[in-house]
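Let me begin by presenting the structure, written as structure tokens, before commenting on it.
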Amino acid sequence: MKRVFSGVQPTGNIHLGNYLGALKQFVELQEDHECIYCIVDEHAITVPQDPKELRKHILDVAALYLSIGVDPKKSTVFVQSQVSGHAELGWILCCNSYTGELSRMTQFKAKSGGKESVGTGLMTYPVLMAADILLYDTDVVPVGQDQKQHIELTRDLAIRINNKYGEDTFVVPDGRFMKSGARIMSLDDPTSKMSKSAENIHSRISLLDEDSKIKKSIMRATTDSDGEIRFDIENKPGVSNLLNIYSALSGKTVEEILAAQNWRGYGDLKKELVAVTQEALAPIKANYNEIRESEELIKILNEGAERANVIAEKTMKRVRDKFGLGL
Ligand code: TYM
């Protein structure tokens, strides 16, 4: 059975982009893969975090995993910092990466641009992500489009090290991307991706948003003034984004959606999308509070960490041995 690994940062506001790009895949894959899903808290501290908030967000994301349908009987769910192999392998990979390749990463350039002083963690972050993946001999990594470059780096590092220390050091993983959900754009500015940190709350739909908020955010989404409903990312990014979200939520292709519609304008498209979104998120919200408050949650995470540790330790033994570390 192929092994799957993925993670989400516990930084609040998990949104429709995270869901349609990555989380939805988590649920699909657990039926016929060995899945390991992580809450990557060590990634979150690349920027300053309030410790109390961070701990709360870790449990929030864990509860969301379970609410969307990740089943702890089928998948391993755990918190990154509970498995020390991530940080250890991160260091080993750091010593095999180049500052040039890390400083060329799109996300690093975006986050560091114009700043006088930039935290080292922001630059080495993709190496820690590579360690997360390689630690579990992962075959498949379900993620959104914005992580594609990081997956490429992971592959490069694995191949580089395999060439030097032996082909059986690391499994070289592949990314897995959704057709319509891989890049969900911001509702107020469809030329930038939907993000957790954007100031305008109407730029995103968070998975736990109330129906009234969902309606407000979609109804005020930026479109264009030519009034024609068609899919054209270049010239009509707003309308295309709404159609993409519709497609990813409903499982229908954009062509099918367009062929079946009799909308008189963007208002009708938006109204229908409001209903589709509210319906899709209702079961997640219905499950969430009970799971978040239950004592089971911590137990599931502790058991997940134990299982993850067994796999991680096996990899680390092999890697230490290959590198000549320890005795
Ligand atoms: P993070 O926490 O920013 O996002 C979690 C997942 O959501 C996807 N995503 C999107 N997909 C479509 N449209 C969007 N607008 C959108 N925004 C976010 C991301 O691609 C991601 O799959 N570095 C990762 C976390 C990570 C990881 C890993 C992932 C750390 N280690 C190992 C996979 C394997 C991140 O910051 O994701």
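Each chain of the structure tokens is named A, B, ... in the order shown, its residues numbered from 1; ligands are numbered from 1 in display order.
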Which residues of chain A sit at most 8 Å from ligand 1, using only C-alpha atoms and all ligand atoms? Give each one's shortest atom pair and distance in Å (one decimal place), in chain and ascending residue order, as a Markdown table.
```
| residue | atom | partner | partner_atom_place_in_ligand_line | distance |
| --- | --- | --- | --- | --- |
| A:Phe5 | CA | ligand 1 | 34 (C) | 5.9 |
| A:Ser6 | CA | ligand 1 | 33 (C) | 3.8 |
| A:Gly7 | CA | ligand 1 | 29 (C) | 4.1 |
| A:Val8 | CA | ligand 1 | 2 (O) | 3.8 |
| A:Gln9 | CA | ligand 1 | 2 (O) | 3.8 |
| A:Pro10 | CA | ligand 1 | 2 (O) | 6.9 |
| A:Thr11 | CA | ligand 1 | 2 (O) | 7.4 |
| A:His15 | CA | ligand 1 | 17 (N) | 7.7 |
| A:Leu16 | CA | ligand 1 | 13 (N) | 7.5 |
| A:Gly17 | CA | ligand 1 | 13 (N) | 3.7 |
| A:Asn18 | CA | ligand 1 | 7 (O) | 3.4 |
| A:Tyr19 | CA | ligand 1 | 7 (O) | 6.6 |
| A:Leu20 | CA | ligand 1 | 12 (C) | 6.1 |
| A:Gly21 | CA | ligand 1 | 11 (N) | 3.6 |
| A:Ala22 | CA | ligand 1 | 22 (O) | 4.6 |
| A:Leu23 | CA | ligand 1 | 6 (C) | 7.1 |
| A:Cys38 | CA | ligand 1 | 28 (C) | 7.8 |
| A:Val40 | CA | ligand 1 | 30 (C) | 5.6 |
| A:His43 | CA | ligand 1 | 30 (C) | 6.4 |
| A:Tyr125 | CA | ligand 1 | 23 (N) | 7.8 |
| A:Pro126 | CA | ligand 1 | 23 (N) | 7.0 |
| A:Leu128 | CA | ligand 1 | 31 (N) | 6.9 |
| A:Met129 | CA | ligand 1 | 31 (N) | 3.9 |
| A:Ala130 | CA | ligand 1 | 32 (C) | 6.7 |
| A:Ala131 | CA | ligand 1 | 32 (C) | 8.0 |
| A:Asp132 | CA | ligand 1 | 32 (C) | 5.3 |
| A:Ile133 | CA | ligand 1 | 32 (C) | 5.3 |
| A:Val141 | CA | ligand 1 | 34 (C) | 6.0 |
| A:Pro142 | CA | ligand 1 | 22 (O) | 6.5 |
| A:Val143 | CA | ligand 1 | 22 (O) | 3.3 |
| A:Gly144 | CA | ligand 1 | 20 (O) | 3.1 |
| A:Gln145 | CA | ligand 1 | 20 (O) | 5.6 |
| A:Asp146 | CA | ligand 1 | 20 (O) | 5.0 |
| A:Gln147 | CA | ligand 1 | 20 (O) | 4.9 |
| A:Lys148 | CA | ligand 1 | 20 (O) | 7.8 |
| A:His150 | CA | ligand 1 | 23 (N) | 7.6 |
| A:Ile151 | CA | ligand 1 | 34 (C) | 8.0 |
| A:Gly181 | CA | ligand 1 | 12 (C) | 5.6 |
| A:Ala182 | CA | ligand 1 | 12 (C) | 4.4 |
| A:Arg183 | CA | ligand 1 | 13 (N) | 3.7 |
| A:Ile184 | CA | ligand 1 | 13 (N) | 3.8 |
| A:Met185 | CA | ligand 1 | 15 (N) | 5.4 |
| A:Ser186 | CA | ligand 1 | 15 (N) | 7.1 |
| A:Lys193 | CA | ligand 1 | 15 (N) | 4.5 |
| A:Met194 | CA | ligand 1 | 15 (N) | 4.0 |
| A:Ser195 | CA | ligand 1 | 17 (N) | 5.7 |
| A:Lys196 | CA | ligand 1 | 17 (N) | 7.7 |
```
Produce a table with one row for each residue of region 156-245 of chain A that has an atom at most 9 Å from any atom of region 284-298 of chain A, each row naming the nearest atom pair and its distance in Å at one decimal; use only C-alpha atoms; arrange rows by chain and rising residue number; format as a Markdown table.
```
| residue | atom | partner | partner_atom | distance |
| --- | --- | --- | --- | --- |
| A:Leu207 | CA | A:Lys285 | CA | 7.6 |
| A:Leu208 | CA | A:Lys285 | CA | 5.8 |
| A:Asp209 | CA | A:Lys285 | CA | 8.4 |
| A:Glu210 | CA | A:Lys285 | CA | 8.8 |
```
Two-atom distance - CA of Ile14 (chain A), CA of Leu135 (chain A) (Å)
25.3 Å
Measuring atom to atom with only C-alpha atoms, identify which of A:Tyr37, A:Phe78, A:Tyr165, A:Tyr98 is nearest to Arg318 (chain A).
A:Tyr165
DSSP-assigned helix (DSSP H, G or I) among region 240-276 of chain A, expressed as a PyMOL selection string
chain A and resi 240-250+254-260+266-276
Could you state the separation of CA of Lys215 (chain A) and CA of Thr277 (chain A) in Å, given to one decimal place?
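About the pair CA of Lys215 (chain A) and CA of Thr277 (chain A): they are 8.9 Å apart.
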Tell me which protein, DNA and RNA residues are within 9 Å of Met219 (chain A), counting only C-alpha atoms, leaving out same-chain ones fewer than 6 positions away, and put them as a ChimeraX atom specification.
/A:267,270-271,274
Those same residues - N, CA and C atoms - I'd like them written as a CSV table (one decimal), in the first residue's frame.
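Okay, this is what ended up in out-v8.csv:
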```
chain,number,residue,atom,x,y,z
A,267,GLY,N,-25.1,37.6,-10.1
A,267,GLY,CA,-25.9,37.5,-8.8
A,267,GLY,C,-26.5,36.1,-8.7
A,270,LYS,N,-23.7,33.6,-7.9
A,270,LYS,CA,-23.3,33.7,-6.5
A,270,LYS,C,-24.3,33.1,-5.5
A,271,LYS,N,-25.6,33.3,-5.8
A,271,LYS,CA,-26.6,32.8,-4.9
A,271,LYS,C,-26.6,31.3,-4.9
A,274,VAL,N,-23.6,30.2,-2.9
A,274,VAL,CA,-23.8,30.3,-1.5
A,274,VAL,C,-24.5,29.1,-0.9
```
Produce a table with one row for each residue of region 92-142 of chain A that has an atom at most 12 Å from any atom of region 44-50 of chain A, each row naming the nearest atom pair and its distance in Å at one decimal; use only C-alpha atoms; arrange rows by chain and rising residue number; format as a tab-separated table.
```
residue	atom	partner	partner_atom	distance
A:Phe108	CA	A:Thr46	CA	11.3
A:Lys111	CA	A:Val47	CA	10.3
A:Ser112	CA	A:Val47	CA	11.4
A:Val118	CA	A:Val47	CA	9.8
A:Gly119	CA	A:Thr46	CA	7.1
A:Thr120	CA	A:Thr46	CA	8.1
A:Gly121	CA	A:Thr46	CA	5.0
A:Leu122	CA	A:Thr46	CA	5.5
A:Met123	CA	A:Thr46	CA	8.9
A:Thr124	CA	A:Thr46	CA	9.1
A:Tyr125	CA	A:Thr46	CA	7.3
A:Pro126	CA	A:Thr46	CA	10.9
A:Leu128	CA	A:Thr46	CA	10.8
A:Met129	CA	A:Ala44	CA	11.6
```
Between CA of Leu64 (chain A) and CA of Thr315 (chain A), what is the spacing in Å?
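Answer for the CA of Thr315 (chain A) to CA of Leu64 (chain A) separation: 28.9 Å.
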Region 228-241 of chain A environment, 6 Å, only C-alpha atoms, sequence neighbours closer than 5 positions dropped, as a PDB file with C-alpha atoms, in the first residue's frame:
```pdb
ATOM      1  CA  PRO A 190      -8.888  36.973  -7.336  1.00  0.00           C
ATOM      2  CA  THR A 222     -15.041  40.697  -6.780  1.00  0.00           C
ATOM      3  CA  THR A 223     -16.093  39.852 -10.359  1.00  0.00           C
TER       4      THR A 223
END
```
Contacts of region 324-327 of chain A at 12 Å (only C-alpha atoms; same-chain gap of 6+ positions) as an MDAnalysis selection string:
chainID A and resid 88:89 92 165 316:318
